[in-house]
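In what follows, a single structure is set out as structure tokens and then discussed.
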Amino acid sequence: MSKKILIGLIGLSVLVLMAPMAPAKAAVSCTFTRSLYLGVTGADVMCLQQYLNGAGFQVAASGAGSPGNETQYFGGRTQAAVKAWQAANGVSPVAGYFGPISRAKYTGGATGTGTGTGTGTGSCSLPAGGKEGALVGTISATPASGQDLYIGQAGVGIGGINLKATGSDINVSRLTINFSVRPWLYITNLTVTDGTTSRTIAVTQSNTTEITVGSSYDVIVDGLCYFITKDTTKTLTVKADGISALPSGETSKSVVLTFNASAARGVDGANISEYAPSAALATRTFTVKAGDTANLELTASADNPKDRSIAVQSSAVTSGVVLMKLNLKATNKDAILRTLILTDANASGSGGTLQSVYLYDGDTLLSSTSSVASTASTTQFADINLTIPKDTTKVLTIKGDIPKASGNYIADATSTNASTSLVITAEANSVAAEDATTYAAASVTGSAVTAGAGYFYTKAPTLALNSATISSIAVSTGTITYNGRATATIRVNVTANGGDIYVSTSTTDIGATSTLLDATNTQAISYNADTSTYGLPVIRSGDTKWIEWNVLVDAGDTAGMTYGYLNNIGWLSTDFQDSGASIVQYWGLTDMKTGNVYVDNLR
């Protein structure tokens, strides 16, 4: 180095010491939302040059880059000026790279806190302690390979990396992501997030580095401020936004994402740059797709009605009876529901158990029909026009108006032990929908949804399990004692609808099931209801009372597991001396059972 140059540098040092950050000429104020380095262009580069020139770190004495002639190109002269500024302000390393550390210094001074970039903020403080550390990188289990990224779709996870700091706290500032194709053709934006703080950049040809023509391209996401405490791990997830349209002639494209060696860069407590991983990690593959239409998935709602009795009126139509609840979930894209067809398995010969049928989304009426003939097998809701957004589930309710009854039954019922019943089913092929964007036919998947059978009566009980228990009973034979019996107790709450309900005291209502082929069952019944003239438990209209059945099971010669269950319940709408004339209800009893218990025998 010549003496002249040395003197010049000393002179510069004197200038810096005198007024490094507050020159006589006021410096401009800039907002930096990315890192600036050799070769990048933009208005922020021009602002940086103006700041450096105004702060006493002249980019050029004359021509391009000189005061009043700043440019948008970050070249060698800008790099040299940045190095001088870094050296004067204690920024290490002095590399001419205007990254997170330099931006933090610019914004808040040495070891201050600056704002993150993108959609979140993060601490950009340098790790303290002066200790050298290391950064270890491993592939994150999620997102896994095989993700689909549809055109126009945003925020789809396509890969993740686990970064662990050892030996020192480490502040991660940059992540390089490698793609097997030209990424700007398939991705509009990339986001790196730790779940709290995010950084999003546009993916363009100008900010993509071609490593190998046609097969390897790097996109650098810098400006990160992820502080990883010593001996802890932080997971960075990469998310992508799909392009608005694929290149001509393509309907899908498979893309491989890789975190190559040194993909992540951070600074440790000794202000030394640390990199991870040490070698390329396992790849993640995702597929960019175009042209997929919306899909609807049909499932039964959790509160889809089970088998039950339905109280109807004898003098007027019974309105708004809930017949079915089903779920429709849109996937891939938004969908528009147009048509839904229901099948009534018992419609033929029913005498028209449905007078009108309605389809609801919550409290909103979507469609209705009144053309339910006695021999019809289907009911169609048309012109629905319900938009179901992507990844949203709509719970749809089908309600019906039931014609007035004759006697205690719908007009065509002929048996005292059965009423007209209704069994409604909806199948995937009975749902018609369109894609909300292209109006192409949407695909519909899922299994058929069938509501429990509804049995119509003007007077009928509503049943609800109160309690159910079973326990073994010790039996002694000589000097031997064993659990040779069990007692099962089932208590049911009975609510009377439409009038008084009389419950049969038949001893065949409760049963026990097991491997006990020769079990001897005996039964008793108790209740907290009134007793009728003919000795039956009676629940007055609108009241709820409990009826309790108790069965004793004797093991006999065979041991095994057993449980008690309510096989049926007999009831009447009028007091009657012969309880055998009751309506025998087998439906709606699936929950009326106990747990299991082991009953032994003498062997």
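Ordering of the structure tokens sets the chain letters (A, B, ...), residue numbers begin anew at 1 in every chain, and ligands are numbered from 1 in the order given.
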(message) To test your reading of the structure, identify every residue in range 24-242 of chain A that backbone DSSP assigns to strand (DSSP E), and report it as a ChimeraX atom specification.
(response) /A:134-139,147-150,156-166,170-179,187-193,198-202,208-212,216-228,233-242
Extract, using only C-alpha atoms, all DNA, RNA and protein residues at most 7 Å from Ile490 in chain A, discarding same-chain residues fewer than 4 positions from it, and format them as number ranges by chain. A: 467-469, 548-550, 593
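CA of Ala436 in chain A sits 24.6 Å away from CA of Val449 in chain A.
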Skipping near chain neighbours, those fewer than 6 positions away, what residues fall within 7 Å of range 352-367 of chain A using only C-alpha atoms, listed as a VMD selection string? chain A and resid 373 to 374 381 to 382 384 395 to 403
Now that the selection is made, can you save its residues with C-alpha atoms as a PDB file, in the first residue's frame?
```
ATOM      1  CA  ALA A 373     -96.265 -38.462  -3.835  1.00  0.00           C
ATOM      2  CA  SER A 374     -97.183 -41.626  -1.949  1.00  0.00           C
ATOM      3  CA  PHE A 381     -84.123 -29.903  -3.775  1.00  0.00           C
ATOM      4  CA  ALA A 382     -83.301 -27.781  -6.828  1.00  0.00           C
ATOM      5  CA  ILE A 384     -80.046 -24.303  -4.077  1.00  0.00           C
ATOM      6  CA  VAL A 395     -74.098 -28.685   8.196  1.00  0.00           C
ATOM      7  CA  LEU A 396     -77.383 -28.954   6.308  1.00  0.00           C
ATOM      8  CA  THR A 397     -80.681 -29.816   7.983  1.00  0.00           C
ATOM      9  CA  ILE A 398     -83.651 -31.471   6.278  1.00  0.00           C
ATOM     10  CA  LYS A 399     -87.018 -30.826   7.903  1.00  0.00           C
ATOM     11  CA  GLY A 400     -90.459 -32.089   6.968  1.00  0.00           C
ATOM     12  CA  ASP A 401     -94.138 -31.380   7.520  1.00  0.00           C
ATOM     13  CA  ILE A 402     -96.078 -34.507   8.529  1.00  0.00           C
ATOM     14  CA  PRO A 403     -99.770 -34.855   7.537  1.00  0.00           C
TER      15      PRO A 403
END
```
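Closest approach to Thr229 in chain A among A:Pro127, A:Gly137, A:Pro143, A:Gly249: A:Pro127, based on only C-alpha atoms.
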Of A:Val82, A:Ala134, A:Val91, A:Ala524, the one nearest to Leu36 in chain A when counting only C-alpha atoms is A:Val82
Mind dumping a table of every range 173-220 of chain A residue within 10 Å of range 284-293 of chain A, with the nearest atom pair and its distance in Å to one decimal, using only C-alpha atoms, sorted by chain and rising number, as a tab-separated table?
```
residue	atom	partner	partner_atom	distance
A:Phe179	CA	A:Thr285	CA	9.6
A:Ser180	CA	A:Thr285	CA	9.5
A:Tyr186	CA	A:Val288	CA	6.8
A:Ile187	CA	A:Val288	CA	8.6
```
- If we count only C-alpha atoms, what is near Ser102 in chain A at a cut-off of 8 Å, once residues fewer than 4 positions away on the same chain are taken out, given as a list in words? Gln86, Val91, Phe98 and Tyr106 of chain A
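Comparing A:Ile336, A:Leu126, A:Leu52, A:Ile470 by their smallest distance to Glu70 in chain A, the closest is A:Leu52 (using only C-alpha atoms).
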With only C-alpha atoms as the counted atoms, please give the residues lying no more than 8 Å from Ser216 in chain A, apart from itself and same-chain residues fewer than 4 positions off, as a VMD selection string.
chain A and resid 178 to 182 210 to 212
Generate the output file for the selected residues, N, CA and C atoms, as a PDB file, in the first residue's frame.
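To be explicit, this is the file written out as part_11.pdb:
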```
ATOM      1  N   ASN A 178     -33.480 -24.398  -2.271  1.00  0.00           N
ATOM      2  CA  ASN A 178     -33.158 -24.853  -3.624  1.00  0.00           C
ATOM      3  C   ASN A 178     -34.358 -25.555  -4.251  1.00  0.00           C
ATOM      4  N   PHE A 179     -34.601 -25.260  -5.517  1.00  0.00           N
ATOM      5  CA  PHE A 179     -35.705 -25.868  -6.251  1.00  0.00           C
ATOM      6  C   PHE A 179     -35.172 -26.574  -7.488  1.00  0.00           C
ATOM      7  N   SER A 180     -35.875 -27.629  -7.892  1.00  0.00           N
ATOM      8  CA  SER A 180     -35.453 -28.419  -9.052  1.00  0.00           C
ATOM      9  C   SER A 180     -35.919 -27.828 -10.371  1.00  0.00           C
ATOM     10  N   VAL A 181     -36.733 -26.787 -10.312  1.00  0.00           N
ATOM     11  CA  VAL A 181     -37.243 -26.125 -11.517  1.00  0.00           C
ATOM     12  C   VAL A 181     -37.110 -24.625 -11.325  1.00  0.00           C
ATOM     13  N   ARG A 182     -37.389 -23.878 -12.385  1.00  0.00           N
ATOM     14  CA  ARG A 182     -37.378 -22.422 -12.283  1.00  0.00           C
ATOM     15  C   ARG A 182     -38.558 -22.001 -11.400  1.00  0.00           C
ATOM     16  N   GLU A 210     -29.474 -19.213 -10.654  1.00  0.00           N
ATOM     17  CA  GLU A 210     -29.440 -20.467 -11.387  1.00  0.00           C
ATOM     18  C   GLU A 210     -28.130 -21.194 -11.087  1.00  0.00           C
ATOM     19  N   ILE A 211     -28.222 -22.360 -10.477  1.00  0.00           N
ATOM     20  CA  ILE A 211     -27.044 -23.162 -10.146  1.00  0.00           C
ATOM     21  C   ILE A 211     -26.713 -24.112 -11.290  1.00  0.00           C
ATOM     22  N   THR A 212     -27.715 -24.852 -11.728  1.00  0.00           N
ATOM     23  CA  THR A 212     -27.578 -25.740 -12.885  1.00  0.00           C
ATOM     24  C   THR A 212     -28.769 -25.499 -13.791  1.00  0.00           C
TER      25      THR A 212
END
```
Practice prompt. Excluding Pro537 in chain A and residues on its chain fewer than 6 positions from it, collect all residues at most 9 Å away from it, counting only C-alpha atoms, and give them as a ChimeraX atom specification.
Written response: /A:501-505,526-531,547
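Computed from the coordinates, the CA of Lys404 in chain A to CA of Leu422 in chain A distance equals 15.2 Å.
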CA of Ala433 in chain A to CA of Gln380 in chain A measures 13.8 Å
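Residue nearest Asp231 in chain A within the list A:Ala165, A:Val192, A:Ala263, A:Ile539: A:Ala165 [criterion: smallest interatomic distance, only C-alpha atoms].
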